[in-house]
Amino acid sequence: MSNKVLITNEQNAVKVPSGLRILIRRSCNAVLEYENFDGPAEISVTFVDNARIHELNKQYRDKDAPTDVLSFPMAENGEYDIDEDNGCKILGDIVISMERAMEQAELYGHSLQREVAYLTVHSMLHLLGYDHESSGLEAVHMREKEEAVLMQLGLPRTVSYTNDEV
């Protein structure tokens, strides 16, 4: 049984390039493979604009600003609900601001596709329980995993990120 990546576009600010949905699915699958995830998984990915991600960031993280990506893991103590229709473990939701992704792609000098792949990989690791905000060591460990998966996808880093951009 294969993984299910459900992708929804709820924004009109940025045209979604052809092939981006395939890249997101490849990114999700690459993380699951890299992490040796057991069994098929279901992930929801939603594209939004800066205004919507700002609302979500304020509502769920008490941060009154837009951000690039939000992760909503569904696991409790490493246990996942199972979708009765397809047998997949429900990992959670990824919400990507396409406006912010476009801004960051320009800022860092790489493609929108590379930026969205990075945000997807980063968020997938959160769905699997990684948390770069809890400790500096875990942030480094998470960054190493992100870079390894992006290398596998043929999307190596072209610039350095600062700790504020993690």
# chains A, B, ... in the order shown; residues from 1 in each chain; ligands from 1
$ select_by_dssp --residues "chain A" --states "helix (DSSP H, G or I)" --output "number ranges by chain"
A: 20-34, 50-61, 98-108, 112-127, 136-152, 163-165
$ residues_around --residues "stretch 15-28 of chain A" --least-positions-apart "5" --cutoff "7 Å" --atoms "only C-alpha atoms" --output "list in words"
Val5, Gln113, Ala117, Thr120, Val121 and Met124 of chain A
$ residues_around --residues "stretch 39-43 of chain A" --least-positions-apart "3" --cutoff "12 Å" --atoms "only C-alpha atoms" --output "PyMOL selection string"
chain A and resi 1-8+24-25+27-29+31-33+35-36+46+71-75+80-95+120+123-125+127-128
$ atom_distance --atom1 "atom CA of A:Tyr130" --atom2 "atom CA of A:Asp68"
17.5 Å
$ closest_residue --among "A:Ala13, A:Gly129, A:Gln152, A:Phe37" --to "A:Ser97" --atoms "only C-alpha atoms"
A:Ala13
$ select_by_dssp --residues "chain A" --states "strand (DSSP E or B)" --output "VMD selection string"
chain A and resid 4 to 9 41 to 48 69 to 73 76 79 82 89 to 97
$ residues_around --residues "A:Glu103" --least-positions-apart "4" --cutoff "12 Å" --atoms "only C-alpha atoms" --output "PyMOL selection string"
chain A and resi 13-14+49-50+67-68+97-99+107-112+115-116
$ write_last_selection --atoms "N, CA, C and O atoms" --output "tab-separated table (two decimals), in the first residue's frame"
chain	number	residue	atom	x	y	z
A	13	ALA	N	-2.46	33.95	-4.48
A	13	ALA	CA	-1.38	34.92	-4.52
A	13	ALA	C	-0.23	34.48	-5.42
A	13	ALA	O	0.43	35.31	-6.05
A	14	VAL	N	0.04	33.17	-5.46
A	14	VAL	CA	1.17	32.64	-6.22
A	14	VAL	C	0.67	31.50	-7.09
A	14	VAL	O	0.00	30.59	-6.60
A	49	ASP	N	-2.14	31.77	1.70
A	49	ASP	CA	-1.43	33.04	1.53
A	49	ASP	C	-0.93	33.51	2.90
A	49	ASP	O	-1.18	32.87	3.93
A	50	ASN	N	-0.21	34.64	2.90
A	50	ASN	CA	0.36	35.15	4.15
A	50	ASN	C	-0.71	35.51	5.18
A	50	ASN	O	-0.52	35.28	6.37
A	67	THR	N	4.21	33.20	8.87
A	67	THR	CA	5.39	32.33	8.87
A	67	THR	C	5.40	31.58	7.55
A	67	THR	O	4.50	31.76	6.73
A	68	ASP	N	6.41	30.77	7.32
A	68	ASP	CA	6.50	30.07	6.04
A	68	ASP	C	5.72	28.75	6.02
A	68	ASP	O	5.07	28.42	5.04
A	97	SER	N	2.74	28.72	3.33
A	97	SER	CA	2.44	30.01	2.74
A	97	SER	C	3.20	30.12	1.43
A	97	SER	O	4.43	30.22	1.43
A	98	MET	N	2.46	30.11	0.32
A	98	MET	CA	3.12	30.21	-0.98
A	98	MET	C	3.74	31.59	-1.18
A	98	MET	O	4.77	31.72	-1.84
A	99	GLU	N	3.13	32.62	-0.59
A	99	GLU	CA	3.72	33.96	-0.68
A	99	GLU	C	5.08	33.98	0.02
A	99	GLU	O	6.06	34.48	-0.53
A	107	LEU	N	14.93	35.51	-1.81
A	107	LEU	CA	15.92	35.93	-0.82
A	107	LEU	C	17.15	35.02	-0.82
A	107	LEU	O	18.29	35.48	-0.78
A	108	TYR	N	16.93	33.69	-0.90
A	108	TYR	CA	18.02	32.74	-0.82
A	108	TYR	C	18.59	32.36	-2.18
A	108	TYR	O	19.54	31.58	-2.27
A	109	GLY	N	18.01	32.89	-3.24
A	109	GLY	CA	18.56	32.69	-4.57
A	109	GLY	C	18.37	31.29	-5.14
A	109	GLY	O	19.24	30.78	-5.85
A	110	HIS	N	17.26	30.67	-4.81
A	110	HIS	CA	16.96	29.38	-5.43
A	110	HIS	C	15.50	29.35	-5.91
A	110	HIS	O	14.77	30.32	-5.75
A	111	SER	N	15.11	28.24	-6.50
A	111	SER	CA	13.78	28.16	-7.10
A	111	SER	C	12.67	28.02	-6.06
A	111	SER	O	12.91	27.57	-4.93
A	112	LEU	N	11.47	28.38	-6.47
A	112	LEU	CA	10.30	28.15	-5.62
A	112	LEU	C	10.15	26.66	-5.33
A	112	LEU	O	9.81	26.28	-4.21
A	115	GLU	N	12.45	25.69	-2.52
A	115	GLU	CA	11.98	26.22	-1.24
A	115	GLU	C	10.79	25.41	-0.72
A	115	GLU	O	10.75	25.06	0.47
A	116	VAL	N	9.84	25.11	-1.58
A	116	VAL	CA	8.67	24.34	-1.14
A	116	VAL	C	9.08	22.92	-0.74
A	116	VAL	O	8.57	22.37	0.24
$ residues_around --residues "A:Lys145" --least-positions-apart "3" --cutoff "10 Å" --atoms "only C-alpha atoms" --output "PyMOL selection string"
chain A and resi 31+34-35+121-122+125+139-142+148-151
$ write_last_selection --atoms "all heavy atoms" --output "mmCIF file, in the first residue's frame"
data_model
loop_
_atom_site.group_PDB
_atom_site.id
_atom_site.type_symbol
_atom_site.label_atom_id
_atom_site.label_comp_id
_atom_site.auth_asym_id
_atom_site.auth_seq_id
_atom_site.Cartn_x
_atom_site.Cartn_y
_atom_site.Cartn_z
ATOM 1 N N VAL A 31 11.198 11.531 2.911
ATOM 2 C CA VAL A 31 11.371 11.625 4.367
ATOM 3 C C VAL A 31 10.946 10.316 5.024
ATOM 4 O O VAL A 31 11.645 9.786 5.892
ATOM 5 C CB VAL A 31 10.578 12.815 4.963
ATOM 6 C CG1 VAL A 31 10.576 12.765 6.487
ATOM 7 C CG2 VAL A 31 11.154 14.138 4.476
ATOM 8 N N TYR A 34 13.599 7.792 4.336
ATOM 9 C CA TYR A 34 14.816 8.110 5.083
ATOM 10 C C TYR A 34 14.668 7.729 6.557
ATOM 11 O O TYR A 34 15.611 7.264 7.190
ATOM 12 C CB TYR A 34 15.132 9.603 4.940
ATOM 13 C CG TYR A 34 16.451 10.003 5.539
ATOM 14 C CD1 TYR A 34 17.629 9.846 4.826
ATOM 15 C CD2 TYR A 34 16.517 10.542 6.820
ATOM 16 C CE1 TYR A 34 18.850 10.203 5.381
ATOM 17 C CE2 TYR A 34 17.733 10.902 7.378
ATOM 18 C CZ TYR A 34 18.895 10.737 6.652
ATOM 19 O OH TYR A 34 20.108 11.082 7.202
ATOM 20 N N GLU A 35 13.471 7.946 7.096
ATOM 21 C CA GLU A 35 13.208 7.671 8.508
ATOM 22 C C GLU A 35 12.750 6.230 8.756
ATOM 23 O O GLU A 35 12.408 5.890 9.888
ATOM 24 C CB GLU A 35 12.141 8.649 9.032
ATOM 25 C CG GLU A 35 12.650 10.060 9.183
ATOM 26 C CD GLU A 35 13.705 10.185 10.258
ATOM 27 O OE1 GLU A 35 13.433 9.830 11.426
ATOM 28 O OE2 GLU A 35 14.822 10.640 9.928
ATOM 29 N N VAL A 121 9.891 18.997 3.566
ATOM 30 C CA VAL A 121 10.776 18.077 4.297
ATOM 31 C C VAL A 121 10.857 18.498 5.767
ATOM 32 O O VAL A 121 10.728 17.670 6.678
ATOM 33 C CB VAL A 121 12.176 18.022 3.636
ATOM 34 C CG1 VAL A 121 13.193 17.322 4.532
ATOM 35 C CG2 VAL A 121 12.085 17.345 2.269
ATOM 36 N N HIS A 122 11.051 19.785 6.003
ATOM 37 C CA HIS A 122 11.135 20.322 7.365
ATOM 38 C C HIS A 122 9.869 19.971 8.148
ATOM 39 O O HIS A 122 9.925 19.456 9.265
ATOM 40 C CB HIS A 122 11.325 21.846 7.280
ATOM 41 C CG HIS A 122 11.377 22.530 8.594
ATOM 42 N ND1 HIS A 122 12.533 22.626 9.328
ATOM 43 C CD2 HIS A 122 10.411 23.172 9.309
ATOM 44 C CE1 HIS A 122 12.277 23.295 10.452
ATOM 45 N NE2 HIS A 122 10.998 23.628 10.459
ATOM 46 N N LEU A 125 9.385 16.255 9.044
ATOM 47 C CA LEU A 125 10.145 15.850 10.224
ATOM 48 C C LEU A 125 9.408 16.251 11.499
ATOM 49 O O LEU A 125 9.400 15.493 12.480
ATOM 50 C CB LEU A 125 11.563 16.418 10.173
ATOM 51 C CG LEU A 125 12.449 15.782 9.100
ATOM 52 C CD1 LEU A 125 13.744 16.563 8.933
ATOM 53 C CD2 LEU A 125 12.740 14.312 9.402
ATOM 54 N N ALA A 139 18.058 20.668 16.846
ATOM 55 C CA ALA A 139 17.982 21.525 15.656
ATOM 56 C C ALA A 139 19.055 21.126 14.641
ATOM 57 O O ALA A 139 18.782 21.032 13.445
ATOM 58 C CB ALA A 139 18.139 22.994 16.051
ATOM 59 N N VAL A 140 20.265 20.868 15.123
ATOM 60 C CA VAL A 140 21.358 20.446 14.238
ATOM 61 C C VAL A 140 21.039 19.087 13.619
ATOM 62 O O VAL A 140 21.205 18.884 12.414
ATOM 63 C CB VAL A 140 22.700 20.392 15.018
ATOM 64 C CG1 VAL A 140 23.785 19.706 14.200
ATOM 65 C CG2 VAL A 140 23.132 21.794 15.410
ATOM 66 N N HIS A 141 20.546 18.182 14.429
ATOM 67 C CA HIS A 141 20.192 16.834 13.959
ATOM 68 C C HIS A 141 19.090 16.915 12.899
ATOM 69 O O HIS A 141 19.168 16.245 11.865
ATOM 70 C CB HIS A 141 19.737 15.998 15.159
ATOM 71 C CG HIS A 141 19.612 14.549 14.885
ATOM 72 N ND1 HIS A 141 20.643 13.775 14.407
ATOM 73 C CD2 HIS A 141 18.554 13.715 15.024
ATOM 74 C CE1 HIS A 141 20.228 12.536 14.262
ATOM 75 N NE2 HIS A 141 18.958 12.467 14.620
ATOM 76 N N MET A 142 18.103 17.756 13.145
ATOM 77 C CA MET A 142 17.006 17.922 12.197
ATOM 78 C C MET A 142 17.514 18.525 10.890
ATOM 79 O O MET A 142 17.141 18.086 9.799
ATOM 80 C CB MET A 142 15.923 18.801 12.822
ATOM 81 C CG MET A 142 14.633 18.847 12.064
ATOM 82 S SD MET A 142 13.376 19.671 13.057
ATOM 83 C CE MET A 142 12.162 19.991 11.794
ATOM 84 N N ALA A 148 20.120 15.863 4.054
ATOM 85 C CA ALA A 148 20.319 14.527 3.469
ATOM 86 C C ALA A 148 19.159 14.175 2.535
ATOM 87 O O ALA A 148 19.375 13.672 1.424
ATOM 88 C CB ALA A 148 20.459 13.484 4.575
ATOM 89 N N VAL A 149 17.934 14.458 2.962
ATOM 90 C CA VAL A 149 16.771 14.159 2.121
ATOM 91 C C VAL A 149 16.775 15.046 0.880
ATOM 92 O O VAL A 149 16.535 14.568 -0.238
ATOM 93 C CB VAL A 149 15.460 14.326 2.917
ATOM 94 C CG1 VAL A 149 14.244 14.244 1.995
ATOM 95 C CG2 VAL A 149 15.361 13.267 4.016
ATOM 96 N N LEU A 150 17.078 16.327 1.044
ATOM 97 C CA LEU A 150 17.109 17.232 -0.111
ATOM 98 C C LEU A 150 18.197 16.824 -1.104
ATOM 99 O O LEU A 150 18.006 16.944 -2.317
ATOM 100 C CB LEU A 150 17.266 18.682 0.340
ATOM 101 C CG LEU A 150 16.019 19.251 1.031
ATOM 102 C CD1 LEU A 150 16.354 20.540 1.768
ATOM 103 C CD2 LEU A 150 14.887 19.463 0.045
ATOM 104 N N MET A 151 19.321 16.328 -0.606
ATOM 105 C CA MET A 151 20.375 15.822 -1.502
ATOM 106 C C MET A 151 19.845 14.627 -2.290
ATOM 107 O O MET A 151 20.089 14.526 -3.493
ATOM 108 C CB MET A 151 21.616 15.415 -0.704
ATOM 109 C CG MET A 151 22.411 16.585 -0.158
ATOM 110 S SD MET A 151 23.266 17.504 -1.433
ATOM 111 C CE MET A 151 24.606 16.388 -1.787
#
